[in-house]
Structures are given as C-alpha cells and as structure tokens.
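> I am sharing start37.txt, which consists of compact mmCIF, C-alpha atoms:
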# COMPACT_ATOMS: atom_id res chain seq x y z
CA MET A 1 23.79 31.09 22.37
CA PRO A 2 22.70 28.13 20.29
CA GLY A 3 19.78 28.76 17.99
CA SER A 4 20.66 32.33 17.12
CA GLY A 5 22.49 33.98 14.27
CA SER A 6 21.72 35.48 10.91
CA ARG A 7 18.93 33.75 9.07
CA PHE A 8 20.90 31.66 6.60
CA ASN A 9 23.96 31.24 8.77
CA PHE A 10 22.05 29.67 11.54
CA GLU A 11 23.60 28.40 14.75
CA ALA A 12 22.32 24.97 15.61
CA LEU A 13 20.29 23.95 18.60
CA LEU A 14 21.06 20.94 20.78
CA TYR A 15 24.81 20.83 20.81
CA SER A 16 27.46 21.59 23.34
CA PRO A 17 31.08 22.59 22.78
CA SER A 18 33.87 20.44 24.11
CA PRO A 19 37.11 21.80 25.61
CA GLY A 20 38.89 20.53 22.52
CA GLY A 21 36.79 22.64 20.20
CA GLU A 22 34.55 19.79 19.10
CA ALA A 23 30.79 20.16 18.85
CA LEU A 24 28.79 17.43 20.58
CA CYS A 25 25.60 17.13 18.57
CA ALA A 26 22.55 15.79 20.42
CA LEU A 27 20.06 15.97 17.59
CA CYS A 28 19.95 12.33 16.56
CA PRO A 29 21.15 9.11 18.19
CA HIS A 30 24.41 9.18 16.22
CA ARG A 31 25.45 11.89 18.70
CA CYS A 32 28.30 12.97 16.46
CA VAL A 33 31.45 14.47 17.93
CA ILE A 34 32.31 17.01 15.25
CA PRO A 35 35.77 18.60 15.10
CA SER A 36 36.14 22.16 13.92
CA GLY A 37 35.86 22.39 10.14
CA ALA A 38 33.92 19.16 9.82
CA ARG A 39 30.31 18.14 9.49
CA GLY A 40 28.24 15.49 11.26
CA LEU A 41 27.18 12.26 9.65
CA CYS A 42 24.11 13.99 8.26
CA GLY A 43 26.42 16.26 6.28
CA VAL A 44 24.39 19.37 7.09
CA ARG A 45 25.62 20.41 10.53
CA GLU A 46 29.03 22.06 10.45
CA ASN A 47 31.42 22.98 13.25
CA ARG A 48 33.08 26.34 12.57
CA ASN A 49 35.58 27.10 15.29
CA GLY A 50 33.50 25.51 18.00
CA THR A 51 30.13 26.79 16.85
CA LEU A 52 27.77 24.34 15.19
CA PHE A 53 25.76 25.66 12.24
CA ALA A 54 22.57 24.22 10.76
CA LEU A 55 23.23 24.46 7.02
CA THR A 56 19.70 23.43 6.12
CA TYR A 57 18.02 26.46 7.67
CA GLY A 58 15.97 28.26 5.03
CA ARG A 59 17.20 26.00 2.26
CA PRO A 60 14.37 23.80 0.97
CA ALA A 61 15.29 21.31 -1.73
CA ALA A 62 11.64 20.81 -2.58
CA ARG A 63 8.31 22.30 -1.53
CA GLY A 64 4.76 22.39 -2.76
CA VAL A 65 1.10 21.63 -2.26
CA GLU A 66 0.04 17.97 -2.04
CA PRO A 67 -2.88 15.91 -0.75
CA ILE A 68 -2.24 14.86 2.82
CA GLU A 69 -2.98 11.30 1.71
CA LYS A 70 0.30 11.30 -0.21
CA LYS A 71 2.44 11.62 2.95
CA PRO A 72 0.64 9.23 3.75
CA PHE A 73 -1.90 10.26 6.36
CA PHE A 74 -5.22 8.49 6.00
CA HIS A 75 -6.82 9.31 9.35
CA PHE A 76 -5.77 12.94 9.74
CA HIS A 77 -7.80 15.67 8.02
CA PRO A 78 -8.66 13.41 5.06
CA GLY A 79 -9.05 15.20 1.77
CA SER A 80 -7.09 18.24 2.89
CA LEU A 81 -3.99 19.82 1.37
CA ALA A 82 -0.59 19.85 3.03
CA TYR A 83 2.16 22.31 2.15
CA SER A 84 5.17 20.01 1.99
CA VAL A 85 8.76 21.03 2.54
CA GLY A 86 12.09 19.24 2.84
CA THR A 87 15.79 20.03 2.50
CA HIS A 88 18.84 18.07 1.37
CA GLY A 89 20.40 15.46 3.64
CA CYS A 90 19.47 12.58 5.94
CA ASN A 91 20.79 10.89 9.06
CA MET A 92 20.29 7.40 7.62
CA ARG A 93 21.60 5.68 4.49
CA CYS A 94 18.84 3.41 3.27
CA ALA A 95 19.98 1.68 0.09
CA PHE A 96 16.37 1.68 -1.16
CA CYS A 97 15.70 5.40 -0.65
CA ILE A 98 13.35 6.60 -3.35
CA ASN A 99 14.24 10.23 -2.52
CA ALA A 100 18.02 9.74 -2.67
CA ALA A 101 18.28 12.63 -5.14
CA ILE A 102 17.82 14.98 -2.20
CA SER A 103 18.31 12.79 0.87
CA GLN A 104 21.80 11.60 -0.07
CA THR A 105 23.04 14.87 -1.50
CA ALA A 106 23.94 16.85 1.60
CA GLY A 107 26.76 18.48 -0.37
CA GLU A 108 24.15 20.37 -2.36
CA VAL A 109 22.52 21.91 0.68
CA ASP A 110 23.62 25.39 -0.33
CA ALA A 111 22.11 25.13 -3.80
CA GLY A 112 18.73 26.48 -4.71
CA GLU A 113 16.43 29.01 -3.18
CA THR A 114 16.31 30.52 0.27
CA VAL A 115 12.89 30.62 1.89
CA THR A 116 12.01 31.78 5.38
CA PRO A 117 9.62 29.88 7.65
CA GLU A 118 7.23 32.81 7.39
CA GLU A 119 7.29 32.54 3.59
CA ILE A 120 6.63 28.79 3.76
CA VAL A 121 3.58 29.35 5.94
CA ALA A 122 2.35 32.28 3.86
CA ALA A 123 2.51 30.08 0.77
CA ALA A 124 0.62 27.33 2.61
CA VAL A 125 -2.14 29.73 3.63
CA ALA A 126 -2.35 31.22 0.14
CA ALA A 127 -2.74 27.75 -1.35
CA GLY A 128 -5.59 26.85 0.99
CA CYS A 129 -3.66 24.19 2.88
CA ASP A 130 -4.84 22.89 6.25
CA SER A 131 -1.38 21.83 7.31
CA VAL A 132 2.34 22.11 6.75
CA ALA A 133 4.19 18.83 6.23
CA LEU A 134 7.85 18.37 7.18
CA THR A 135 8.74 15.63 4.76
CA TYR A 136 10.74 14.24 1.78
CA VAL A 137 13.87 13.72 3.94
CA GLU A 138 14.27 13.24 7.67
CA PRO A 139 13.01 16.46 9.35
CA THR A 140 15.47 15.93 12.21
CA ILE A 141 18.29 17.08 9.97
CA PHE A 142 16.54 20.38 9.33
CA PHE A 143 15.44 20.58 12.94
CA GLU A 144 15.79 24.32 13.52
CA TYR A 145 14.02 25.17 10.27
CA ALA A 146 11.30 22.62 11.06
CA LEU A 147 10.82 24.04 14.52
CA ASP A 148 10.37 27.59 13.22
CA ILE A 149 8.10 26.52 10.37
CA ALA A 150 5.98 24.59 12.86
CA GLY A 151 5.80 27.59 15.18
CA CYS A 152 4.73 29.92 12.38
CA ALA A 153 2.21 27.37 11.12
CA ARG A 154 0.61 27.05 14.54
CA GLU A 155 0.34 30.83 14.79
CA ALA A 156 -1.41 30.85 11.43
CA GLY A 157 -3.88 28.20 12.56
CA LEU A 158 -2.40 25.41 10.43
CA ALA A 159 -1.77 21.88 11.61
CA VAL A 160 1.78 20.51 11.50
CA VAL A 161 2.57 16.99 10.32
CA MET A 162 5.83 15.23 9.71
CA LYS A 163 7.09 12.18 7.87
CA THR A 164 9.99 10.84 9.89
CA ASN A 165 12.32 7.89 10.24
CA GLY A 166 12.01 8.31 14.00
CA PHE A 167 15.78 8.42 14.42
CA ILE A 168 15.86 11.35 16.79
CA THR A 169 16.97 11.89 20.37
CA PRO A 170 14.48 12.36 23.21
CA GLU A 171 15.77 15.88 23.81
CA ALA A 172 15.11 16.87 20.19
CA LEU A 173 11.73 15.22 20.25
CA ALA A 174 10.84 17.05 23.45
CA LEU A 175 11.23 20.34 21.58
CA LEU A 176 9.58 19.26 18.34
CA ALA A 177 6.66 17.09 19.48
CA PRO A 178 4.68 19.91 21.16
CA ARG A 179 4.55 21.64 17.77
CA VAL A 180 3.51 18.55 15.79
CA ASP A 181 -0.06 17.30 15.42
CA ALA A 182 0.58 14.11 13.49
CA ALA A 183 3.56 11.98 12.54
CA ASN A 184 3.93 9.22 10.02
CA VAL A 185 6.87 7.23 11.34
CA ASP A 186 8.81 4.70 9.32
CA LEU A 187 9.28 1.40 11.11
CA LYS A 188 11.55 -0.02 8.46
CA ALA A 189 12.31 -3.35 10.11
CA PHE A 190 12.24 -5.04 13.48
CA ARG A 191 15.75 -6.45 13.50
CA SER A 192 18.70 -4.46 14.84
CA ARG A 193 20.98 -5.76 12.08
CA SER A 194 18.62 -4.46 9.40
CA TYR A 195 18.62 -1.00 10.95
CA GLU A 196 22.39 -0.99 11.21
CA ARG A 197 22.64 -1.66 7.48
CA MET A 198 20.50 1.41 6.94
CA GLY A 199 22.69 3.54 9.17
CA GLY A 200 20.20 3.70 12.02
CA GLN A 201 19.20 1.85 15.17
CA LEU A 202 15.94 0.12 16.02
CA GLY A 203 15.76 1.04 19.72
CA PRO A 204 15.63 4.84 19.32
CA VAL A 205 12.94 4.50 16.65
CA LEU A 206 10.75 2.45 18.98
CA ASP A 207 11.40 4.98 21.74
CA CYS A 208 10.39 7.79 19.38
CA LEU A 209 7.10 6.05 18.65
CA ARG A 210 6.42 5.58 22.35
CA PHE A 211 7.31 9.22 23.02
CA LEU A 212 4.97 10.52 20.32
CA ARG A 213 2.18 8.31 21.56
CA ALA A 214 2.60 9.59 25.11
CA ALA A 215 2.71 13.18 23.83
CA GLY A 216 -0.66 12.77 22.15
CA VAL A 217 0.61 13.12 18.60
CA TRP A 218 -1.52 11.24 16.04
CA ILE A 219 0.62 8.42 14.67
CA GLU A 220 0.55 6.45 11.46
CA VAL A 221 3.29 3.94 10.68
CA THR A 222 4.87 3.02 7.35
CA THR A 223 6.92 -0.03 6.43
CA VAL A 224 8.41 -0.40 2.97
CA LEU A 225 8.14 -4.13 2.33
CA ILE A 226 11.29 -5.28 0.56
CA PRO A 227 11.63 -8.81 -0.79
CA GLY A 228 14.39 -10.65 1.03
CA VAL A 229 15.02 -7.83 3.49
CA ASN A 230 12.07 -7.48 5.86
CA ASP A 231 9.45 -9.82 4.38
CA ASP A 232 9.89 -12.59 6.92
CA ALA A 233 6.52 -13.40 8.47
CA ALA A 234 7.92 -13.38 11.99
CA GLU A 235 9.46 -9.93 11.52
CA LEU A 236 6.28 -8.51 10.02
CA GLY A 237 4.39 -10.00 12.93
CA ASP A 238 6.76 -8.29 15.33
CA ILE A 239 6.25 -4.93 13.61
CA ALA A 240 2.48 -5.25 13.61
CA GLY A 241 2.48 -6.61 17.14
CA PHE A 242 4.47 -3.64 18.40
CA ILE A 243 2.11 -1.21 16.71
CA ALA A 244 -0.98 -2.93 18.08
CA SER A 245 0.27 -3.36 21.63
CA GLU A 246 2.24 -0.16 22.16
CA LEU A 247 0.53 2.35 19.88
CA GLY A 248 -2.95 0.88 19.77
CA PRO A 249 -4.90 -1.28 17.32
CA ASP A 250 -6.45 1.78 15.66
CA THR A 251 -3.02 3.00 14.53
CA PRO A 252 -2.94 2.87 10.73
CA TRP A 253 -0.14 0.74 9.25
CA HIS A 254 0.89 1.55 5.69
CA VAL A 255 2.71 -1.34 4.03
CA ALA A 256 4.39 0.14 0.98
CA ARG A 257 5.43 -1.63 -2.18
CA PHE A 258 9.18 -1.40 -2.75
CA PHE A 259 10.37 -0.12 -6.11
CA PRO A 260 13.97 -0.76 -7.23
CA ALA A 261 15.78 2.50 -6.51
CA PHE A 262 19.10 4.04 -5.55
CA GLN A 263 21.37 1.13 -4.60
CA MET A 264 18.83 -1.68 -4.75
CA LEU A 265 18.24 -1.81 -8.46
CA ASP A 266 18.42 -5.59 -8.73
CA THR A 267 15.79 -6.38 -6.12
CA PRO A 268 12.37 -6.91 -7.73
CA PRO A 269 9.35 -4.80 -6.78
CA THR A 270 7.19 -6.20 -3.99
CA SER A 271 4.53 -8.52 -5.34
CA GLY A 272 0.85 -8.08 -4.61
CA ALA A 273 0.84 -11.47 -2.90
CA LEU A 274 3.53 -10.36 -0.48
CA LEU A 275 1.64 -7.14 0.30
CA ASP A 276 -1.54 -9.13 0.88
CA ARG A 277 0.27 -11.47 3.24
CA ALA A 278 1.61 -8.52 5.25
CA ARG A 279 -1.89 -7.13 5.53
CA GLU A 280 -3.18 -10.44 6.83
CA ILE A 281 -0.36 -10.56 9.35
CA GLY A 282 -1.22 -7.05 10.49
CA ARG A 283 -4.87 -7.92 10.90
CA ALA A 284 -3.99 -11.11 12.76
CA GLN A 285 -2.04 -8.97 15.23
CA GLY A 286 -5.19 -6.94 15.84
CA LEU A 287 -4.57 -3.91 13.62
CA ARG A 288 -7.84 -2.49 12.32
CA HIS A 289 -6.48 -0.36 9.51
CA VAL A 290 -3.76 -1.80 7.31
CA TYR A 291 -3.20 -0.06 3.98
CA LEU A 292 -1.14 -1.02 0.96
CA ALA A 293 0.80 1.87 -0.55
CA ASN A 294 2.05 2.07 -4.14
CA ASP A 295 -0.72 -0.32 -5.03
CA LEU A 296 -3.53 0.47 -7.45
CA ARG A 297 -5.56 -2.66 -6.79
CA PRO A 298 -9.11 -2.08 -5.53
CA GLY A 299 -9.39 -2.07 -1.75
CA SER A 300 -5.74 -1.43 -1.04
CA GLN A 301 -6.33 2.06 0.32
CA GLU A 302 -9.92 1.94 1.50
CA THR A 303 -10.96 2.68 5.06
CA CYS A 304 -13.70 0.42 6.37
CA CYS A 305 -15.54 0.68 9.67
CA ALA A 306 -13.81 -1.43 12.31
CA GLY A 307 -17.22 -2.18 13.76
CA CYS A 308 -19.40 -3.24 10.84
CA GLY A 309 -17.10 -3.22 7.81
CA THR A 310 -18.94 -0.47 5.93
CA LEU A 311 -16.77 1.33 3.38
CA LEU A 312 -16.07 4.80 4.79
CA ILE A 313 -13.31 6.38 2.72
CA ARG A 314 -12.15 5.48 -0.77
CA ARG A 315 -8.75 6.51 -2.12
CA SER A 316 -6.49 5.74 -5.02
CA GLY A 317 -2.97 6.78 -5.87
CA GLY A 318 -2.62 8.81 -2.69
CA ARG A 319 -5.78 10.82 -3.32
CA LEU A 320 -9.13 10.85 -1.60
CA LEU A 321 -11.99 9.87 -3.92
CA GLN A 322 -14.94 9.54 -1.55
CA ASN A 323 -15.58 10.26 2.12
CA ASP A 324 -18.79 8.91 3.63
CA LEU A 325 -17.99 9.67 7.25
CA ASP A 326 -20.84 11.23 9.16
CA ASP A 327 -19.35 13.62 11.71
CA GLY A 328 -16.33 11.36 11.99
CA ALA A 329 -18.38 8.20 12.42
CA CYS A 330 -19.68 5.29 10.39
CA PRO A 331 -23.05 6.25 8.84
CA ALA A 332 -24.27 2.65 9.21
CA CYS A 333 -23.44 1.71 12.81
CA GLY A 334 -22.29 5.01 14.31
CA GLU A 335 -18.86 3.78 15.42
CA ASP A 336 -16.30 6.58 15.52
CA LEU A 337 -13.32 6.29 13.19
CA ALA A 338 -10.01 6.76 14.97
CA GLY A 339 -8.13 9.82 13.80
CA ARG A 340 -7.97 13.60 13.97
CA GLY A 341 -9.73 16.27 11.98
CA LEU A 342 -12.42 13.88 10.82
CA VAL A 343 -15.31 15.93 12.17
CA GLU A 344 -13.79 19.32 11.57
CA LEU A 345 -13.31 18.58 7.90
CA ARG A 346 -16.98 17.78 7.50
CA ALA A 347 -17.79 21.03 9.28
CA THR A 348 -15.48 22.89 6.96
CA ALA A 349 -17.07 21.24 3.97
CA ARG A 350 -20.52 22.25 5.15
CA MET A 351 -19.37 25.82 5.69
CA LYS A 352 -18.00 25.95 2.19
CA GLU A 353 -21.23 24.54 0.88
CA GLU A 354 -23.25 27.18 2.72
CA ARG A 355 -21.09 29.95 1.28
CA ARG A 356 -21.91 28.90 -2.29
CA MET B 1 30.42 18.10 -5.71
CA LYS B 2 32.78 18.78 -2.92
CA ARG B 3 32.75 16.16 -0.20
CA ARG B 4 33.96 16.34 3.32
CA ARG B 5 35.17 13.50 5.36
CA ASN B 6 32.83 12.68 8.21
CA VAL B 7 34.54 12.43 11.52
CA GLY B 8 31.70 11.71 13.93
CA GLN B 9 32.05 8.77 16.28
CA PRO B 10 29.67 6.32 14.57
CA THR B 11 29.98 5.42 10.92
CA LEU B 12 27.34 5.10 8.29
CA PRO B 13 27.33 2.63 5.41
CA GLU B 14 29.23 4.01 2.44
CA VAL B 15 26.90 4.94 -0.38
CA ALA B 16 27.44 6.61 -3.68
CA GLY B 17 25.35 9.62 -4.59
CA PRO B 18 22.56 9.37 -7.13
CA ASN B 19 23.58 9.31 -10.76
CA PRO B 20 23.80 12.75 -12.28
CA ALA B 21 21.04 13.31 -14.76
CA ALA B 22 19.29 16.15 -16.54
CA PRO B 23 18.19 19.06 -14.34
CA THR B 24 15.40 17.84 -12.10
CA ARG B 25 12.27 19.71 -11.13
CA TYR B 26 10.18 18.29 -8.32
CA VAL B 27 6.48 18.50 -8.99
CA GLN B 28 3.48 17.71 -6.87
CA HIS B 29 1.60 15.51 -9.30
CA LEU B 30 2.14 13.42 -12.41
CA PRO B 31 -0.57 11.20 -13.85
CA ASP B 32 -0.43 7.43 -13.35
CA LEU B 33 0.18 5.44 -16.50
CA MET B 34 0.70 2.09 -14.83
CA THR B 35 -2.38 -0.04 -14.33
CA ALA B 36 -3.25 -2.34 -11.44
CA ALA B 37 -2.48 -5.33 -13.66
CA ASP B 38 1.02 -3.98 -14.38
CA TYR B 39 1.85 -4.41 -10.70
CA GLU B 40 1.56 -8.16 -11.10
CA ASP B 41 4.26 -8.36 -13.75
CA PRO B 42 6.78 -11.14 -13.17
CA PRO B 43 9.87 -9.97 -11.25
CA ASP B 44 12.13 -10.09 -14.30
CA ARG B 45 9.93 -7.85 -16.43
CA ARG B 46 10.75 -4.16 -16.47
CA ARG B 47 7.72 -2.47 -17.92
CA LEU B 48 7.96 1.21 -18.78
CA ARG B 49 4.88 3.11 -19.96
CA PHE B 50 5.05 6.34 -21.91
CA ARG B 51 2.72 8.99 -23.22
CA ILE B 52 4.22 11.32 -25.79
CA GLY B 53 2.60 14.62 -26.63
CA THR B 54 3.39 18.14 -27.71
CA SER B 55 2.93 21.38 -25.87
CA ASP B 56 3.78 25.05 -26.52
CA SER B 57 7.28 24.38 -25.21
CA GLY B 58 7.96 21.30 -27.31
CA VAL B 59 7.68 17.56 -26.99
CA GLU B 60 6.61 16.20 -23.62
CA ILE B 61 7.21 12.58 -22.65
CA LEU B 62 5.41 11.26 -19.62
CA GLY B 63 6.79 8.03 -18.21
CA ASP B 64 5.70 5.69 -15.44
CA SER B 65 7.28 2.50 -14.15
CA MET B 66 7.99 0.37 -11.10
CA HIS B 67 11.62 0.81 -12.12
CA PRO B 68 12.16 4.55 -11.73
CA ALA B 69 15.93 4.34 -12.22
CA ALA B 70 15.49 2.66 -15.60
CA LEU B 71 12.92 5.25 -16.56
CA GLU B 72 15.15 8.17 -15.61
CA GLU B 73 18.11 6.66 -17.40
CA LEU B 74 16.10 6.35 -20.57
CA LEU B 75 14.66 9.85 -20.32
CA SER B 76 18.08 11.30 -19.56
CA SER B 77 19.49 9.70 -22.69
CA LEU B 78 17.10 11.87 -24.70
CA GLU B 79 18.92 14.93 -23.32
CA PRO B 80 15.77 16.72 -22.16
CA GLU B 81 15.65 20.31 -21.04
CA ALA B 82 14.54 19.00 -17.64
CA ILE B 83 13.06 15.97 -15.96
CA GLU B 84 10.11 16.43 -13.67
CA ARG B 85 9.57 13.90 -10.95
CA MET B 86 7.55 13.39 -7.82
CA LEU B 87 9.13 12.83 -4.45
CA CYS B 88 7.93 10.22 -2.02
CA GLY B 89 6.33 11.45 1.21
Could you take the file, read its structure, and then write that structure out as structure tokens?


Amino acid sequence: MPGSGSRFNFEALLYSPSPGGEALCALCPHRCVIPSGARGLCGVRENRNGTLFALTYGRPAARGVEPIEKKPFFHFHPGSLAYSVGTHGCNMRCAFCINAAISQTAGEVDAGETVTPEEIVAAAVAAGCDSVALTYVEPTIFFEYALDIAGCAREAGLAVVMKTNGFITPEALALLAPRVDAANVDLKAFRSRSYERMGGQLGPVLDCLRFLRAAGVWIEVTTVLIPGVNDDAAELGDIAGFIASELGPDTPWHVARFFPAFQMLDTPPTSGALLDRAREIGRAQGLRHVYLANDLRPGSQETCCAGCGTLLIRRSGGRLLQNDLDDGACPACGEDLAGRGLVELRATARMKEERR
Amino acid sequence: MKRRRNVGQPTLPEVAGPNPAAPTRYVQHLPDLMTAADYEDPPDRRRLRFRIGTSDSGVEILGDSMHPAALEELLSSLEPEAIERMLCG
C-alpha cells in the first residue's frame, strides 16, 4: 500500500505501478514514468522493483526558527515565529535559484540528520513557534514528510504554512491543502516559454493558485523580478491582473529583488527603479498590498490601510518592527486588514502582557 | 556525488550543481551589512561588505553582498572551518 513502510524507507503516495514495472508518479505535473532502479525528475523519488520510495522522508537539509515575515508572509500571524523545514531537491530548475545549494542537490538527500515529523513539531513547540513552515525547496518533493509534519502540527495546535512554486498536481493538492493554513506561491512569470526554461509550466501554477483560493487557504504571491527575463511591463501587468482578478485585490504581492546566483551570475541585481515600477503596475491593476522584498529602502515593506493610508505595520529585512493594528483593523478608520491571525496575535500579546 | 540518469517522460533544463565550497551551515539570521544606498549601486559594481572580528573559536568574518556567489567564492578561498549562510524562504 502506498504511503507505508519503515520510517526512513518510506513508500511514496500518489503513484501507480505499470504492468512493465514502471512507477507512474502523480505528484507534480511532470507526471514522471519511472523505470525500476531510476528516479523521477525531482531526483528524490526512486522506483525499486515497482515500488516508489520517497527519499526525502525524515531527511531535512535545513530547519530552524525564523520570523514568519521571512517566508514571506506579511498578513498571516505577523510578528510570530515559524519553524521552517526543507529537504534536498526540487521539481523545477530555475537558473536564478538562491537556494540551489539544497534545491539542486537531490543526490545528497541521504546526507545529514534524520528527524521525524513528531520531532519537528516538538522542536517548534519548544521554540514558541505559532506555525510550521514547509519551505526552502518545493514542498511537493517532500510531500509525504510535509503531509505528516502538517498533521502533527495541527494536532499540536500550530498553523501550517508553505512556500511553494505551485507546480503540483490537483490530486496532491487535494491531500495537502486541507492541512495548510497559508501558502506563499511563486508566480515566477506569466509567459509559458519562461516557465519552460525553468523546468515548469505556467498553467498548473495558475490552477494551483485557483485551487488554494477555493480551498480557503490564505495566499500571498511572490515574483522575483529579473532584469531582461520577466520585467516587461505587459507581463508584470498580467501577473498583477491575474492576482487581482482571480485571487482578490487584497492578496499581497511580494516583488523580490533578484540577486545574481547559481547560473545567472552575469545578470545584474534588480534596480530600485524597476522594483518601484512593478509596484506601480501592481497598484494600477488594483492590488492594495504590493511589497518589495530584498529591499531596505523605507516604505518597501510597510503595510498601510487600504482605506485611509494610515501606516499599520512596519518591517525591515524580513522582520516586524511595529504593529499598530487594533484587533486586526486600522486604528484610524476602523477598516479591517485582510489576512489571518491578525486579531488572535493581539489577543496573545495581551495575554502575555497580563501574565507579566 | 553519484548521479543517476533521469528517465521520466518530460525533460528538465540541464543545470550543473552548485560549486563545492567549505562545509556550509544554514543559520536563521545573519546581520545586514548592506545599506539601502548600496542597493542603488550601478549594475557593474560588485560591492562586498565585511565585518571582521574575533570570538572564542577564532576569527569571524561576516560578509554581505548583492552578489552572494562572489562573496562565497572569496570566503571559501580563505579556507574557513565552515561558512554559515541564510536560506531564502
């Protein structure tokens, strides 16, 4: 039965065997047909005599406590801590990946420590985290591990968030989404050719966003703005327009500065002017909250009231500096800020204050 | 590193793995050294900022740059015991 087996020799979910001994993987839209003895394109799902194994299960490449703003989530439990975990491997091949040291090193999946989902969640609780974050690489490729971590986290009363490229099948999403409270989804481009160069496809990513929206998962979207790749005004307008029309104008859009990395060392970092232009395009499409990531300039990561413009939350460098929300609303005009965990956090803060 | 040939139906763009460097430790926080003004450097400038100090375990060099590959290459050339870095996301 798929999904069973000893803890670190874990049979994969979402595959079916073929009469020829191949494993038909249905985890991501690549839908790899994997012969015995081989691995899928992600490099971390291996067919052993007709049985598909998830090599990432219990094998984090990195984990630790971080502000939830670093994911980034700006409208979900602001100021809280997220216990972040990710393994080796990825189902895309973005030439600009800043985490290539773990995302493009599937061959090292067996290296390092072994940690159970229960141990991940226990560490999160011990560190005072409000959530567990499935992040650093695409969580789809550690699907079974992610699913169990999410289940344990929910049982412990923690929220579950994920940072994803959205390149996942509907059947995988149907299992994962009910255990996820918030997702930051990369919308890396709005041209099919661009996605193909990254080893993905645009259509399934858009479908993922629609699915998450319909499932009630809180969504924030990130686009790494790369000079000469996706900085065309029309394309940025298409991205922002999709977010505004299909996900809602209150959906936060994080436009991130590109840094030369991995295989794009000769492309210059994104200029402030280009980031500013993207923000204007986003606002022109009706988006109320457009943020500039990897940008230390004042105002790049501030949340202002969509009603009256009052400064509500101030951040810098992926950290919350000041939160003036009053029970999740603007203290000046009373308009609610879109998001989750905005009121509860204030309640938690008050409780902590009363305990002192 | 042992590599296997992928045999799934689709193909992915061929990419080389990251350059081998000193042992890497992933940490949750490193201080910013870059300033807001640094972000407006002209495209052909590769600014690297450093803070050098000592600790009980030896010399510690903190680096920050919009060109992380250049920074890691330079730090690796010093043959450190380990390089600590933050992951994105």

> Return the single residue from B:Val59, B:Pro43, B:Leu74, B:Ile52 that is closest to chain A, with distances computed using all atoms listed in the file.

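Among the listed residues, the smallest separation from chain A belongs to B:Pro43.
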
> Taking only C-alpha atoms into account, find every residue of chain A that has an atom no more than 7 Å from chain B, and write it out as an MDAnalysis selection string.

chainID A and resid 30 32:34 38:41 62 64:66 70:72 93 98:101 104:105 107 135:136 163 197 199 259:262 268:269 271:272 296:297

> Return the padded bounding box of stretch 53-58 of chain B as AutoDock Vina command-line options: axis-aligned, built from all atoms listed in the file, 3 Å added on each side, with centre and edge lengths in Å to one decimal.


--center_x 5.3 --center_y 19.8 --center_z -26.5 --size_x 11.4 --size_y 16.4 --size_z 8.5

> Need to verify the contact set: B:Leu78, 12 Å, all atoms listed in the file, exclusion of same-chain residues closer than 3 positions in sequence. Can you return it as a VMD selection string?

chain B and resid 21 to 22 59 to 61 71 to 75 81 to 83

> Within 7 Å of A:Val132, counting all atoms listed in the file, which residues qualify if same-chain residues fewer than 4 places away don't, as a ChimeraX atom specification?

/A:82-84,124,153,158-161

> Would you mind telling me which residue in A:Val125, A:Leu225, A:Leu311, A:Ala111 lies nearest to A:Asp276 when using all atoms listed in the file?

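Between A:Val125, A:Leu225, A:Leu311, A:Ala111, the residue approaching A:Asp276 most closely is A:Leu225.
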
> One decimal, in Å: what's the spacing between atom CA of B:Leu33 and atom CA of B:Asp56?

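Between atom CA of B:Leu33 and atom CA of B:Asp56 the gap is 22.3 Å.
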
> Go ahead and compute the interatomic distance for atom CA of B:Gly58 and atom CA of A:Ala127, in Å to one decimal.

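According to the coordinates, atom CA of B:Gly58 and atom CA of A:Ala127 are separated by 28.8 Å.
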
> Using all atoms listed in the file, find each residue in stretch 31-99 of chain A having at least one atom no more than 12 Å away from stretch 323-330 of chain A; report its shortest atom-to-atom pair and that distance in Å (one decimal), rows by chain then rising number, as JSON lines.


{"residue": "A:Phe74", "atom": "CA", "partner": "A:Asn323", "partner_atom": "CA", "distance": 11.2}
{"residue": "A:His75", "atom": "CA", "partner": "A:Gly328", "partner_atom": "CA", "distance": 10.1}
{"residue": "A:Phe76", "atom": "CA", "partner": "A:Gly328", "partner_atom": "CA", "distance": 10.9}
{"residue": "A:His77", "atom": "CA", "partner": "A:Gly328", "partner_atom": "CA", "distance": 10.3}
{"residue": "A:Pro78", "atom": "CA", "partner": "A:Asn323", "partner_atom": "CA", "distance": 8.2}
{"residue": "A:Gly79", "atom": "CA", "partner": "A:Asn323", "partner_atom": "CA", "distance": 8.2}
{"residue": "A:Ser80", "atom": "CA", "partner": "A:Asn323", "partner_atom": "CA", "distance": 11.7}

> Report, in Å with one decimal, the straight-line distance from atom CA of A:Phe73 to atom CA of A:Ala182.

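These atoms are spaced 8.5 Å apart.
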
> For a quick check of understanding, using all atoms listed in the file, which of A:Met264, A:Ala338, A:Leu247, A:Ala150 has the smallest distance to A:Gly228?

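That would be A:Met264, the residue with the smallest distance to A:Gly228.
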
> As an MDAnalysis selection string, please: the residues near A:Ser245 (cut-off 9 Å, all atoms listed in the file, same-chain neighbours under 5 positions excluded).

chainID A and resid 240 285:286

> Between B:Arg85, B:Ser57, B:Glu79, B:Phe50, which residue has the minimum interatomic distance to B:Leu30, considering all atoms listed in the file?

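Between B:Arg85, B:Ser57, B:Glu79, B:Phe50, the residue approaching B:Leu30 most closely is B:Arg85.
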
> At a cut-off of 12 Å, using all atoms listed in the file, what residues contact A:Val180? Leave out same-chain residues fewer than 3 positions from it and give the result as a VMD selection string.

chain A and resid 131 to 134 139 146 to 154 158 to 164 173 to 177 183 to 184 212 to 213 215 to 219
